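Peer 1: Structure: entry_6.cif, mmCIF, C-alpha atoms.
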```cif
data_protein
loop_
_atom_site.label_atom_id
_atom_site.label_comp_id
_atom_site.auth_asym_id
_atom_site.auth_seq_id
_atom_site.Cartn_x
_atom_site.Cartn_y
_atom_site.Cartn_z
CA MET A 1 -170.02 -112.07 71.17
CA MET A 2 -167.26 -110.04 69.55
CA ALA A 3 -165.66 -107.09 71.27
CA ASP A 4 -167.06 -103.65 70.51
CA ASP A 5 -163.95 -102.41 68.78
CA LEU A 6 -164.01 -105.15 66.17
CA PHE A 7 -166.61 -103.52 63.95
CA ALA A 8 -166.42 -104.35 60.27
CA PRO A 9 -164.37 -101.54 58.68
CA GLU A 10 -166.62 -101.44 55.58
CA ALA A 11 -169.76 -101.09 57.71
CA ALA A 12 -171.57 -97.77 57.71
CA ILE A 13 -173.69 -98.96 60.63
CA ASP A 14 -172.87 -101.80 62.97
CA ILE A 15 -175.41 -102.74 65.63
CA ARG A 16 -174.63 -105.50 68.12
CA GLY A 17 -177.02 -107.02 70.62
CA VAL A 18 -179.01 -103.87 71.30
CA THR A 19 -181.88 -104.25 73.76
CA ARG A 20 -184.19 -101.44 74.72
CA ARG A 21 -187.13 -101.56 77.11
CA PHE A 22 -189.95 -99.09 77.48
CA GLY A 23 -191.50 -100.08 80.80
CA ASP A 24 -191.81 -103.86 80.73
CA ARG A 25 -192.09 -103.98 76.93
CA ALA A 26 -188.93 -104.82 74.97
CA ALA A 27 -188.95 -102.39 72.01
CA LEU A 28 -185.68 -103.92 70.82
CA ASP A 29 -184.61 -107.39 71.90
CA GLY A 30 -181.01 -108.34 71.13
CA VAL A 31 -180.93 -106.64 67.73
CA SER A 32 -177.78 -107.10 65.64
CA LEU A 33 -177.38 -105.93 62.08
CA THR A 34 -174.78 -104.47 59.75
CA VAL A 35 -175.38 -101.91 57.03
CA PRO A 36 -172.49 -102.13 54.55
CA CYS A 37 -171.11 -98.92 53.05
CA GLY A 38 -172.81 -98.15 49.76
CA ALA A 39 -175.88 -100.24 50.57
CA VAL A 40 -179.48 -99.22 50.28
CA PHE A 41 -180.78 -100.87 53.39
CA GLY A 42 -184.52 -101.32 53.81
CA LEU A 43 -185.86 -101.78 57.32
CA VAL A 44 -189.30 -103.37 57.28
CA GLY A 45 -191.73 -104.37 59.98
CA ALA A 46 -195.24 -103.73 61.21
CA ASN A 47 -196.11 -100.53 63.08
CA GLY A 48 -194.59 -100.72 66.54
CA ALA A 49 -192.09 -103.43 65.53
CA GLY A 50 -189.15 -101.28 66.67
CA LYS A 51 -187.97 -99.62 63.45
CA THR A 52 -188.09 -96.04 64.72
CA THR A 53 -186.50 -97.01 68.05
CA LEU A 54 -183.66 -98.63 66.12
CA ILE A 55 -183.19 -95.56 63.94
CA ARG A 56 -183.14 -93.33 67.03
CA HIS A 57 -180.24 -95.43 68.34
CA VAL A 58 -178.37 -94.99 65.05
CA LEU A 59 -178.76 -91.22 65.32
CA GLY A 60 -177.62 -91.21 68.95
CA LEU A 61 -181.00 -89.92 70.15
CA LEU A 62 -181.25 -93.00 72.35
CA ARG A 63 -178.38 -94.60 74.22
CA ALA A 64 -178.09 -98.37 73.89
CA ALA A 65 -178.94 -99.75 77.33
CA SER A 66 -177.11 -102.95 76.37
CA GLY A 67 -175.16 -103.81 73.26
CA SER A 68 -173.40 -101.34 70.98
CA VAL A 69 -174.14 -99.01 68.07
CA ARG A 70 -171.41 -97.78 65.74
CA VAL A 71 -171.84 -95.44 62.80
CA PHE A 72 -168.71 -95.15 60.64
CA GLY A 73 -166.99 -96.81 63.60
CA LEU A 74 -168.05 -94.03 65.98
CA ASP A 75 -170.42 -94.09 68.93
CA PRO A 76 -173.24 -91.70 67.98
CA VAL A 77 -174.01 -90.92 71.66
CA ALA A 78 -170.38 -90.18 72.63
CA ASP A 79 -169.54 -88.34 69.40
CA PRO A 80 -172.74 -86.77 68.04
CA ALA A 81 -170.92 -84.11 66.01
CA GLY A 82 -168.64 -86.71 64.38
CA VAL A 83 -171.61 -88.85 63.39
CA LEU A 84 -174.42 -86.41 62.63
CA GLY A 85 -172.18 -84.24 60.44
CA ARG A 86 -172.00 -87.18 58.03
CA VAL A 87 -175.68 -88.12 58.26
CA GLY A 88 -178.80 -86.70 56.60
CA TYR A 89 -182.04 -87.52 58.37
CA LEU A 90 -185.70 -87.30 57.48
CA ALA A 91 -188.25 -88.31 60.10
CA GLU A 92 -191.73 -89.63 59.49
CA GLU A 93 -193.31 -87.15 61.84
CA ASN A 94 -191.84 -84.12 60.25
CA ASP A 95 -190.42 -82.17 63.19
CA LEU A 96 -189.53 -79.02 61.24
CA PRO A 97 -190.14 -75.74 63.09
CA GLY A 98 -193.47 -74.50 61.73
CA TRP A 99 -192.78 -70.81 62.32
CA MET A 100 -189.73 -70.79 60.00
CA ARG A 101 -189.83 -69.94 56.34
CA VAL A 102 -188.37 -72.47 53.88
CA ASP A 103 -185.31 -70.29 53.21
CA GLU A 104 -184.82 -69.74 56.97
CA LEU A 105 -184.96 -73.50 57.56
CA LEU A 106 -182.26 -74.09 54.95
CA ARG A 107 -180.04 -71.27 56.32
CA TYR A 108 -180.53 -72.64 59.84
CA THR A 109 -179.71 -76.22 58.81
CA ARG A 110 -176.75 -75.06 56.73
CA ALA A 111 -175.00 -73.76 59.88
CA PHE A 112 -174.59 -77.34 61.17
CA TYR A 113 -172.87 -78.72 58.09
CA PRO A 114 -169.51 -77.55 56.74
CA ASN A 115 -170.18 -79.50 53.55
CA TRP A 116 -173.49 -77.76 52.82
CA ASP A 117 -173.87 -77.23 49.07
CA ASP A 118 -175.87 -74.05 48.33
CA ALA A 119 -176.12 -74.78 44.63
CA TYR A 120 -177.47 -78.29 45.31
CA ALA A 121 -179.98 -76.95 47.87
CA ALA A 122 -181.19 -74.42 45.31
CA GLU A 123 -181.39 -77.07 42.59
CA LEU A 124 -183.44 -79.40 44.80
CA SER A 125 -185.72 -76.58 45.97
CA ARG A 126 -186.40 -75.65 42.36
CA ALA A 127 -187.03 -79.25 41.36
CA PHE A 128 -189.48 -79.63 44.25
CA ALA A 129 -191.15 -76.25 43.54
CA LEU A 130 -190.51 -75.08 47.11
CA GLU A 131 -191.46 -71.46 47.74
CA PRO A 132 -188.58 -69.91 49.78
CA ALA A 133 -190.83 -67.38 51.53
CA ALA A 134 -193.51 -69.91 52.52
CA ARG A 135 -193.94 -70.69 56.22
CA ILE A 136 -193.35 -74.37 57.02
CA LYS A 137 -196.62 -74.62 58.95
CA ASN A 138 -198.56 -73.51 55.86
CA LEU A 139 -197.01 -76.18 53.61
CA SER A 140 -198.91 -79.28 52.54
CA LYS A 141 -197.72 -82.60 53.99
CA GLY A 142 -195.98 -83.34 50.70
CA GLN A 143 -194.20 -79.97 50.53
CA LYS A 144 -193.14 -80.37 54.19
CA ALA A 145 -191.60 -83.73 53.31
CA ARG A 146 -189.83 -82.15 50.34
CA ALA A 147 -188.49 -79.29 52.51
CA GLY A 148 -187.25 -81.90 55.01
CA LEU A 149 -185.65 -83.82 52.17
CA VAL A 150 -183.72 -80.77 50.92
CA ALA A 151 -182.52 -80.12 54.49
CA ALA A 152 -181.41 -83.78 54.75
CA LEU A 153 -179.67 -83.96 51.36
CA ALA A 154 -178.01 -80.59 50.75
CA HIS A 155 -174.83 -81.41 52.66
CA ARG A 156 -174.45 -84.55 50.53
CA PRO A 157 -174.39 -86.89 53.53
CA GLU A 158 -172.41 -90.13 53.45
CA LEU A 159 -175.36 -91.78 55.17
CA LEU A 160 -178.98 -90.88 54.48
CA VAL A 161 -181.47 -92.09 57.10
CA LEU A 162 -185.17 -91.97 56.27
CA ASP A 163 -187.79 -93.07 58.76
CA GLU A 164 -191.01 -94.03 56.92
CA PRO A 165 -190.36 -91.33 54.32
CA SER A 166 -193.36 -92.27 52.16
CA SER A 167 -195.85 -92.68 54.94
CA GLY A 168 -199.11 -90.90 54.18
CA LEU A 169 -197.73 -89.13 51.12
CA ASP A 170 -199.22 -89.06 47.65
CA PRO A 171 -197.52 -91.01 44.83
CA ILE A 172 -195.90 -87.89 43.35
CA VAL A 173 -194.07 -86.99 46.57
CA ARG A 174 -193.17 -90.67 47.02
CA ARG A 175 -191.57 -90.59 43.57
CA ASP A 176 -189.51 -87.55 44.60
CA ILE A 177 -188.32 -89.31 47.73
CA LEU A 178 -187.45 -92.56 45.96
CA GLY A 179 -185.77 -90.55 43.23
CA ALA A 180 -183.69 -88.78 45.88
CA ILE A 181 -182.66 -92.14 47.35
CA ILE A 182 -181.59 -93.41 43.93
CA HIS A 183 -179.81 -90.18 43.15
CA THR A 184 -177.98 -90.40 46.47
CA ILE A 185 -176.69 -93.92 45.90
CA ALA A 186 -175.78 -93.30 42.30
CA GLU A 187 -173.10 -91.04 43.77
CA GLU A 188 -170.24 -93.32 44.70
CA GLY A 189 -170.12 -94.86 48.13
CA ARG A 190 -173.15 -93.26 49.75
CA THR A 191 -175.31 -95.33 52.04
CA VAL A 192 -179.05 -95.20 52.67
CA LEU A 193 -180.98 -96.65 55.59
CA PHE A 194 -184.73 -96.33 55.26
CA SER A 195 -187.68 -97.84 57.03
CA SER A 196 -190.95 -98.42 55.26
CA HIS A 197 -194.01 -100.55 55.29
CA LEU A 198 -194.47 -100.08 51.54
CA LEU A 199 -192.72 -103.29 50.66
CA ASP A 200 -192.88 -102.93 46.89
CA GLU A 201 -190.89 -99.70 47.29
CA VAL A 202 -188.36 -101.45 49.50
CA GLU A 203 -188.07 -104.25 46.97
CA ARG A 204 -187.46 -101.82 44.13
CA VAL A 205 -184.88 -99.66 45.78
CA SER A 206 -183.04 -101.76 48.39
CA ASP A 207 -180.21 -104.18 47.93
CA HIS A 208 -180.23 -105.18 51.61
CA VAL A 209 -183.19 -105.72 53.84
CA ALA A 210 -183.89 -106.46 57.50
CA MET A 211 -187.26 -107.50 58.83
CA ILE A 212 -188.08 -106.65 62.44
CA ASP A 213 -190.94 -108.18 64.34
CA ARG A 214 -191.76 -107.27 67.92
CA GLY A 215 -188.25 -105.98 68.59
CA ARG A 216 -186.40 -108.94 67.06
CA VAL A 217 -184.63 -109.33 63.71
CA VAL A 218 -186.47 -112.00 61.69
CA PHE A 219 -183.86 -111.88 58.94
CA SER A 220 -181.26 -109.45 57.69
CA GLY A 221 -179.12 -109.60 54.59
CA ASP A 222 -178.73 -109.22 50.86
CA LEU A 223 -182.21 -108.84 49.31
CA ASP A 224 -181.58 -111.41 46.56
CA GLU A 225 -180.34 -113.95 49.12
CA VAL A 226 -183.32 -113.31 51.39
CA LYS A 227 -185.67 -113.87 48.46
CA GLU A 228 -183.82 -117.01 47.37
CA MET A 229 -184.38 -118.47 50.85
CA HIS A 230 -188.13 -118.29 50.36
CA ARG A 231 -190.52 -120.04 48.01
CA ARG A 232 -194.20 -119.81 47.32
CA LEU A 233 -195.33 -123.38 46.67
CA THR A 234 -198.67 -124.71 45.56
CA LEU A 235 -199.19 -128.33 46.54
CA ARG A 236 -201.74 -130.64 45.02
CA PHE A 237 -203.04 -133.61 47.00
CA GLU A 238 -204.72 -136.77 45.70
CA VAL A 239 -207.50 -136.40 48.24
CA PRO A 240 -209.08 -133.14 49.43
CA ARG A 241 -207.91 -132.08 52.87
CA PRO A 242 -209.81 -130.10 55.47
CA ALA A 243 -206.66 -128.37 56.71
CA PRO A 244 -203.15 -127.65 55.41
CA PRO A 245 -200.49 -130.31 56.00
CA ALA A 246 -197.52 -130.04 58.33
CA LEU A 247 -194.69 -129.08 55.98
CA ALA A 248 -191.21 -128.28 57.24
CA GLY A 249 -190.46 -124.61 56.62
CA ALA A 250 -194.03 -123.54 55.81
CA LEU A 251 -194.77 -120.11 57.31
CA ALA A 252 -198.37 -119.55 56.22
CA TRP A 253 -200.98 -121.44 54.24
CA GLU A 254 -203.95 -120.60 52.13
CA GLY A 255 -206.12 -122.87 50.05
CA SER A 256 -208.75 -125.54 50.31
CA GLY A 257 -209.55 -129.04 49.09
CA ARG A 258 -206.79 -130.51 46.92
CA GLU A 259 -204.69 -127.36 46.43
CA TRP A 260 -202.85 -125.58 49.19
CA THR A 261 -200.36 -122.74 48.79
CA ALA A 262 -197.65 -121.97 51.30
CA VAL A 263 -194.87 -119.45 51.63
CA CYS A 264 -191.89 -121.45 52.90
CA ALA A 265 -188.50 -120.51 54.30
CA GLY A 266 -185.46 -122.73 54.20
CA ARG A 267 -183.52 -124.64 51.58
CA PRO A 268 -185.61 -124.80 48.38
CA ALA A 269 -183.98 -128.12 47.40
CA GLU A 270 -185.60 -129.74 50.42
CA PHE A 271 -189.15 -128.55 49.74
CA GLN A 272 -189.66 -131.17 47.01
CA ARG A 273 -188.88 -133.99 49.42
CA ALA A 274 -191.00 -132.42 52.16
CA ALA A 275 -193.95 -132.17 49.78
CA GLU A 276 -193.61 -135.81 48.74
CA ALA A 277 -193.36 -136.82 52.37
CA CYS A 278 -196.83 -135.42 53.03
CA GLY A 279 -198.28 -137.02 49.93
CA ALA A 280 -198.42 -134.03 47.59
CA ARG A 281 -196.76 -132.85 44.42
CA ILE A 282 -195.68 -129.27 43.77
CA VAL A 283 -197.75 -127.86 40.91
CA GLU A 284 -196.45 -124.31 41.11
CA GLU A 285 -193.30 -122.83 42.56
CA ARG A 286 -191.93 -119.32 42.47
CA VAL A 287 -189.92 -116.83 44.48
CA PRO A 288 -192.38 -114.74 46.51
CA SER A 289 -192.41 -110.96 46.60
CA LEU A 290 -191.06 -109.24 49.70
CA ASP A 291 -194.66 -108.38 50.51
CA GLU A 292 -195.67 -112.05 50.47
CA ILE A 293 -192.64 -112.95 52.60
CA PHE A 294 -193.53 -110.23 55.08
CA VAL A 295 -197.15 -111.31 55.40
CA ALA A 296 -196.09 -114.94 55.81
CA GLN A 297 -193.39 -114.14 58.37
CA VAL A 298 -195.20 -111.66 60.57
CA GLY A 299 -198.67 -111.14 59.10
CA THR A 300 -200.55 -113.41 61.43
CA HIS A 301 -199.24 -114.77 64.64
CA CYS A 302 -201.73 -117.63 64.68
CA PRO A 303 -201.75 -120.63 62.35
CA VAL A 304 -204.15 -120.78 59.41
CA ARG A 305 -207.35 -122.55 60.39
CA GLY A 306 -208.50 -125.41 58.24
CA GLU A 307 -212.08 -125.65 57.08
CA ASP A 308 -214.07 -128.15 59.09
CA MET B 1 -187.97 -98.00 26.07
CA ASP B 2 -191.21 -98.89 27.79
CA ILE B 3 -190.70 -101.08 30.87
CA HIS B 4 -193.43 -101.94 33.38
CA LEU B 5 -192.47 -103.47 36.68
CA ALA B 6 -194.87 -105.77 38.48
CA ASN B 7 -194.70 -106.75 42.12
CA ASP B 8 -195.30 -110.45 41.54
CA GLY B 9 -192.16 -111.99 42.99
CA VAL B 10 -190.16 -112.05 39.73
CA PRO B 11 -186.84 -110.35 40.51
CA ILE B 12 -186.74 -106.83 39.09
CA TYR B 13 -183.54 -107.37 37.10
CA LEU B 14 -185.22 -110.36 35.45
CA GLN B 15 -188.32 -108.34 34.58
CA ILE B 16 -186.08 -105.80 32.86
CA VAL B 17 -184.14 -108.56 31.04
CA ASN B 18 -187.35 -110.25 29.84
CA GLN B 19 -189.00 -107.04 28.71
CA VAL B 20 -185.93 -105.80 26.82
CA LYS B 21 -185.72 -109.21 25.10
CA TYR B 22 -189.38 -108.92 24.23
CA LEU B 23 -188.97 -105.37 22.90
CA VAL B 24 -186.04 -106.52 20.75
CA ALA B 25 -187.83 -109.62 19.50
CA SER B 26 -190.95 -107.65 18.63
CA GLY B 27 -188.95 -104.98 16.82
CA ARG B 28 -189.79 -102.14 19.17
CA LEU B 29 -186.10 -101.88 19.94
CA ALA B 30 -184.19 -101.89 16.67
CA ALA B 31 -180.67 -103.15 16.05
CA GLY B 32 -178.15 -100.46 16.85
CA GLU B 33 -180.58 -98.54 19.05
CA GLU B 34 -179.09 -97.23 22.29
CA LEU B 35 -180.55 -98.31 25.64
CA PRO B 36 -181.01 -95.58 28.27
CA PRO B 37 -177.96 -95.08 30.53
CA ILE B 38 -178.12 -97.18 33.73
CA ARG B 39 -178.60 -94.20 36.00
CA ALA B 40 -181.30 -92.63 33.86
CA LEU B 41 -183.31 -95.86 33.67
CA ALA B 42 -182.87 -96.43 37.43
CA GLU B 43 -184.22 -92.96 38.19
CA ARG B 44 -187.10 -93.42 35.75
CA LEU B 45 -188.13 -96.86 37.05
CA LEU B 46 -187.25 -95.91 40.63
CA VAL B 47 -185.08 -98.95 41.13
CA ASN B 48 -181.60 -99.46 42.48
CA PRO B 49 -179.00 -98.64 39.76
CA ASN B 50 -177.23 -101.92 40.57
CA THR B 51 -180.38 -103.75 39.52
CA VAL B 52 -180.35 -102.06 36.11
CA ALA B 53 -176.62 -102.73 35.80
CA ARG B 54 -177.23 -106.41 36.53
CA ALA B 55 -180.01 -106.58 33.91
CA TYR B 56 -177.73 -104.98 31.30
CA ARG B 57 -174.93 -107.42 32.17
CA GLU B 58 -177.28 -110.38 31.68
CA LEU B 59 -178.53 -108.95 28.38
CA GLU B 60 -174.94 -108.54 27.24
CA LEU B 61 -174.24 -112.16 28.23
CA TYR B 62 -177.19 -113.32 26.10
CA GLY B 63 -175.89 -111.22 23.22
CA VAL B 64 -179.04 -109.09 23.08
CA VAL B 65 -177.06 -105.91 23.66
CA SER B 66 -173.42 -104.94 23.51
CA LYS B 67 -171.37 -102.24 25.15
CA ARG B 68 -169.44 -99.86 22.96
CA ARG B 69 -166.12 -98.44 23.91
CA THR B 70 -167.46 -94.92 23.99
CA ALA B 71 -169.75 -96.09 26.82
CA GLY B 72 -173.38 -96.80 26.18
CA THR B 73 -175.29 -100.00 25.61
CA TYR B 74 -176.71 -100.82 22.17
CA VAL B 75 -179.05 -103.43 20.77
CA SER B 76 -177.06 -106.09 18.91
CA GLY B 77 -177.52 -106.82 15.22
CA ALA B 78 -180.89 -108.18 14.15
CA GLY B 79 -181.45 -111.73 12.96
CA SER B 80 -179.32 -113.12 15.73
CA PRO B 81 -180.29 -116.67 16.69
CA LEU B 82 -181.42 -115.27 20.00
CA ALA B 83 -183.99 -112.93 18.50
CA ARG B 84 -185.45 -115.93 16.65
CA ARG B 85 -185.32 -118.14 19.75
CA GLU B 86 -186.93 -115.39 21.77
CA ARG B 87 -189.77 -115.03 19.28
CA VAL B 88 -190.40 -118.76 19.40
CA LYS B 89 -190.33 -118.65 23.18
CA ILE B 90 -192.84 -115.79 23.39
CA LEU B 91 -195.20 -117.59 21.01
CA SER B 92 -194.74 -120.91 22.82
CA GLU B 93 -195.92 -119.34 26.06
CA ARG B 94 -199.06 -118.05 24.36
CA ILE B 95 -199.65 -121.41 22.70
CA ASP B 96 -199.26 -123.24 26.01
CA ALA B 97 -201.91 -121.00 27.55
CA LEU B 98 -204.18 -121.56 24.54
CA LEU B 99 -203.77 -125.34 24.69
CA ALA B 100 -204.42 -125.40 28.42
CA GLU B 101 -207.62 -123.43 27.93
CA ALA B 102 -208.66 -125.62 24.99
CA SER B 103 -208.18 -128.73 27.07
CA GLN B 104 -210.28 -127.26 29.89
CA LEU B 105 -213.03 -126.44 27.34
CA ASP B 106 -212.71 -129.96 25.95
CA VAL B 107 -211.57 -128.82 22.51
CA ALA B 108 -209.14 -131.19 20.79
CA THR B 109 -205.75 -129.98 19.56
CA GLU B 110 -206.72 -130.75 15.91
CA GLU B 111 -209.74 -128.47 16.29
CA VAL B 112 -207.53 -125.74 17.73
CA ILE B 113 -205.20 -126.01 14.73
CA ASP B 114 -208.18 -125.76 12.34
CA LEU B 115 -209.42 -122.76 14.26
CA LEU B 116 -205.98 -121.14 14.03
CA ARG B 117 -205.96 -121.56 10.22
CA ARG B 118 -209.45 -120.10 9.94
CA ARG B 119 -208.52 -117.11 12.09
CA ALA B 120 -205.36 -116.59 10.04
CA GLU B 121 -207.54 -116.39 6.90
CA VAL B 122 -209.81 -113.85 8.57
CA MET B 123 -206.82 -111.77 9.67
CA GLN B 124 -205.08 -112.02 6.27
CA PRO B 125 -206.74 -109.14 4.35
CA ARG B 126 -206.04 -106.67 7.12
CA SER B 127 -202.38 -107.60 7.42
CA ARG B 128 -202.05 -107.21 3.63
CA GLU B 129 -203.42 -103.68 3.79
CA GLU B 130 -200.74 -102.77 6.31
#
```
Kindly transcribe the structure held in the file into structure tokens.
Peer 2:
Amino acid sequence: MMADDLFAPEAAIDIRGVTRRFGDRAALDGVSLTVPCGAVFGLVGANGAGKTTLIRHVLGLLRAASGSVRVFGLDPVADPAGVLGRVGYLAEENDLPGWMRVDELLRYTRAFYPNWDDAYAAELSRAFALEPAARIKNLSKGQKARAGLVAALAHRPELLVLDEPSSGLDPIVRRDILGAIIHTIAEEGRTVLFSSHLLDEVERVSDHVAMIDRGRVVFSGDLDEVKEMHRRLTLRFEVPRPAPPALAGALAWEGSGREWTAVCAGRPAEFQRAAEACGARIVEERVPSLDEIFVAQVGTHCPVRGED
Amino acid sequence: MDIHLANDGVPIYLQIVNQVKYLVASGRLAAGEELPPIRALAERLLVNPNTVARAYRELELYGVVSKRRTAGTYVSGAGSPLARRERVKILSERIDALLAEASQLDVATEEVIDLLRRRAEVMQPRSREE
């Protein structure tokens, strides 16, 4: 392993070998990943996979028991002011103080950020139709998310961190949030880290993606490269089969009789040979969606059962 | 410019490329017409601006659009070989689907061609009115 001080200089976030246990359960198990500056980084995984725990380490809310976390080269636990001043954060469970009014929340948040932009906060509030005098606790879930978003964006953070921002929200609020992400990255050099289980959203907005399953990184990298490493293949056999064949790289199967479809990971050039080796020809081949990759990688932890 | 993104595994930049080509080939984007700015289209489609930029680069490579010095991306002149090739390609895909279905229904290709002629005759008066 490399020394802690050798973080990549262009990395907004650099996580190395982080392990975190809650009781005897490993919430994070040797997690390493790098979020390049200017990336829109999508963190995907099932509920309880470790996404929120990882984000809490990035924000310095949890100290890495082993391994290291660096944000802009700084340790978020040792230097919270240096890190959090450059970060905007929106949590899934909106933890805004319910007794505050919207304008009080923004004034309160403003005090933490020297770069706070009043004009931008007002512009966003108008765009989101936020009532300044409304109490937070009386807002709808969608308006709460929008208030949280204004508080996270108005200091024009270098890094925007969103934990399940779309969870449980209607499509109109989701549009606002995705629009805010796109707006943020369209401004030069800003970085976004967001977790989501809405994989079509991740696929639309991200250029980098990491998939976490039970505390481990399944893959992490450029979205196009991740997709290129996967194929959805339909194989046709001469004779009907009761169960899918053993094919190198196949993650999950569905089908019956002569046609079986698999999502495969590995080198696409080798799939052809693998298919021939088990007596089949490929009748359809395409790059799967992130959703299909996710389901194949972590959807079921037991093999597909053949029909008997 | 009307673009619909599907979540069917086709890379998003490629969906944009294909649909712009289709819009140009079908005349819904005219020669000289300006495409929306990258950022505006990204915010409308809710996709990463780099994805739109990549689609525009590919379209420029194919000669479907060209950048002007004053910034902005415009549809290239009509009648380019590509527009013709694209039209043929769009029709070929439909024909392939038709032939596959005909073969499944046990209808010979000659019969399909006859049927096409007959349908063209039926459609003729209406297209003349337009």
Peer 1: Translate the PyMOL selection byres ((chain B) within 6 of (chain A)), as applied to the file shown, into an explicit residue set as number ranges by chain.
Peer 2: B: 8-9, 43, 47-48
Peer 1: When you look at stretch 96-110 of chain A with a cut-off of 8 Å (counting only C-alpha atoms), what residues show up, excluding the ones that are within fewer than 5 positions of it in the same chain? I need them as a ChimeraX atom specification.
Peer 2: /A:116,121,130-138,147-148,150-151,155
Peer 1: Rounded to one decimal, what separation in Å do you get between atom CA of A:Ala78 and atom CA of A:Arg21?
Peer 2: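 Interatomic distance here is 20.7 Å.
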Peer 1: Expanded to explicit residues, what is the PyMOL selection byres ((chain B and resi 33) around 10) for this file, as a CSV table (one decimal) with C-alpha atoms, in the frame of the given file?
Peer 2:
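Wrote it out as selection04.csv, contents follow:
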```csv
chain,number,residue,atom,x,y,z
B,24,VAL,CA,-186.0,-106.5,20.8
B,28,ARG,CA,-189.8,-102.1,19.2
B,29,LEU,CA,-186.1,-101.9,19.9
B,30,ALA,CA,-184.2,-101.9,16.7
B,31,ALA,CA,-180.7,-103.2,16.0
B,32,GLY,CA,-178.2,-100.5,16.8
B,34,GLU,CA,-179.1,-97.2,22.3
B,35,LEU,CA,-180.6,-98.3,25.6
B,36,PRO,CA,-181.0,-95.6,28.3
B,65,VAL,CA,-177.1,-105.9,23.7
B,73,THR,CA,-175.3,-100.0,25.6
B,74,TYR,CA,-176.7,-100.8,22.2
B,75,VAL,CA,-179.0,-103.4,20.8
B,76,SER,CA,-177.1,-106.1,18.9
B,77,GLY,CA,-177.5,-106.8,15.2
```
Peer 1: Run the PyMOL selection byres ((chain A and resi 252-268) around 6) against the file shown and list the residues it catches, as a list in words.
Peer 2: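 Evaluating the PyMOL selection byres ((chain A and resi 252-268) around 6) on these coordinates yields Met229, His230, Arg231, Arg232, Leu233, Thr234, Leu235, Arg236, Phe237, Pro240, Arg241, Gly249, Ala250, Leu251, Ala269, Glu270, Phe271 and Ala296 of chain A.
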Peer 1: Any idea what the distance is between atom CA of A:Ser196 and atom CA of B:Arg54?
Peer 2: 24.6 Å
Peer 1: For A:Ile13, which residue among A:Ala111, A:Ala145, A:Leu84, A:Leu159 is the nearest when counting all atoms listed in the file?
Peer 2: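 When distances to A:Ile13 are compared using all atoms listed in the file, the smallest one comes from A:Leu159.
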Peer 1: Env of B:Gln15: 9 Å cut, atoms = all atoms listed in the file, seq-sep filter 2 positions within chain, self excluded. Answer as a ChimeraX atom specification.
Peer 2: /B:3-6,10-13,17-20,55
Peer 1: Store the residues picked out above, limited to C-alpha atoms, as a PDB file, keeping the file's coordinate frame.
Peer 2:
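Generated file (part-v4.pdb):
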```pdb
ATOM      1  CA  ILE B   3    -190.700-101.080  30.870  1.00  0.00           C
ATOM      2  CA  HIS B   4    -193.430-101.940  33.380  1.00  0.00           C
ATOM      3  CA  LEU B   5    -192.470-103.470  36.680  1.00  0.00           C
ATOM      4  CA  ALA B   6    -194.870-105.770  38.480  1.00  0.00           C
ATOM      5  CA  VAL B  10    -190.160-112.050  39.730  1.00  0.00           C
ATOM      6  CA  PRO B  11    -186.840-110.350  40.510  1.00  0.00           C
ATOM      7  CA  ILE B  12    -186.740-106.830  39.090  1.00  0.00           C
ATOM      8  CA  TYR B  13    -183.540-107.370  37.100  1.00  0.00           C
ATOM      9  CA  VAL B  17    -184.140-108.560  31.040  1.00  0.00           C
ATOM     10  CA  ASN B  18    -187.350-110.250  29.840  1.00  0.00           C
ATOM     11  CA  GLN B  19    -189.000-107.040  28.710  1.00  0.00           C
ATOM     12  CA  VAL B  20    -185.930-105.800  26.820  1.00  0.00           C
ATOM     13  CA  ALA B  55    -180.010-106.580  33.910  1.00  0.00           C
TER      14      ALA B  55
END
```
Peer 1: Would you work out the distance separating atom CA of A:Arg214 from atom CA of A:Ala27, expressed in Å to one decimal?
Peer 2: 7.0 Å
Peer 1: Would you please work out which residue, of A:Arg56, A:Arg70, A:Lys51, A:Arg126, is nearest to A:Ile212 when using all atoms listed in the file?
Peer 2: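 Using all atoms listed in the file, the shortest distance to A:Ile212 belongs to A:Lys51.
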Peer 1: Nearest to A:Phe22: which of A:Gly189, A:Pro76, A:Pro114, A:Gly215 is it, counting all atoms listed in the file?
Peer 2: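 Once distances to A:Phe22 are computed over all atoms listed in the file, the minimum belongs to A:Gly215.
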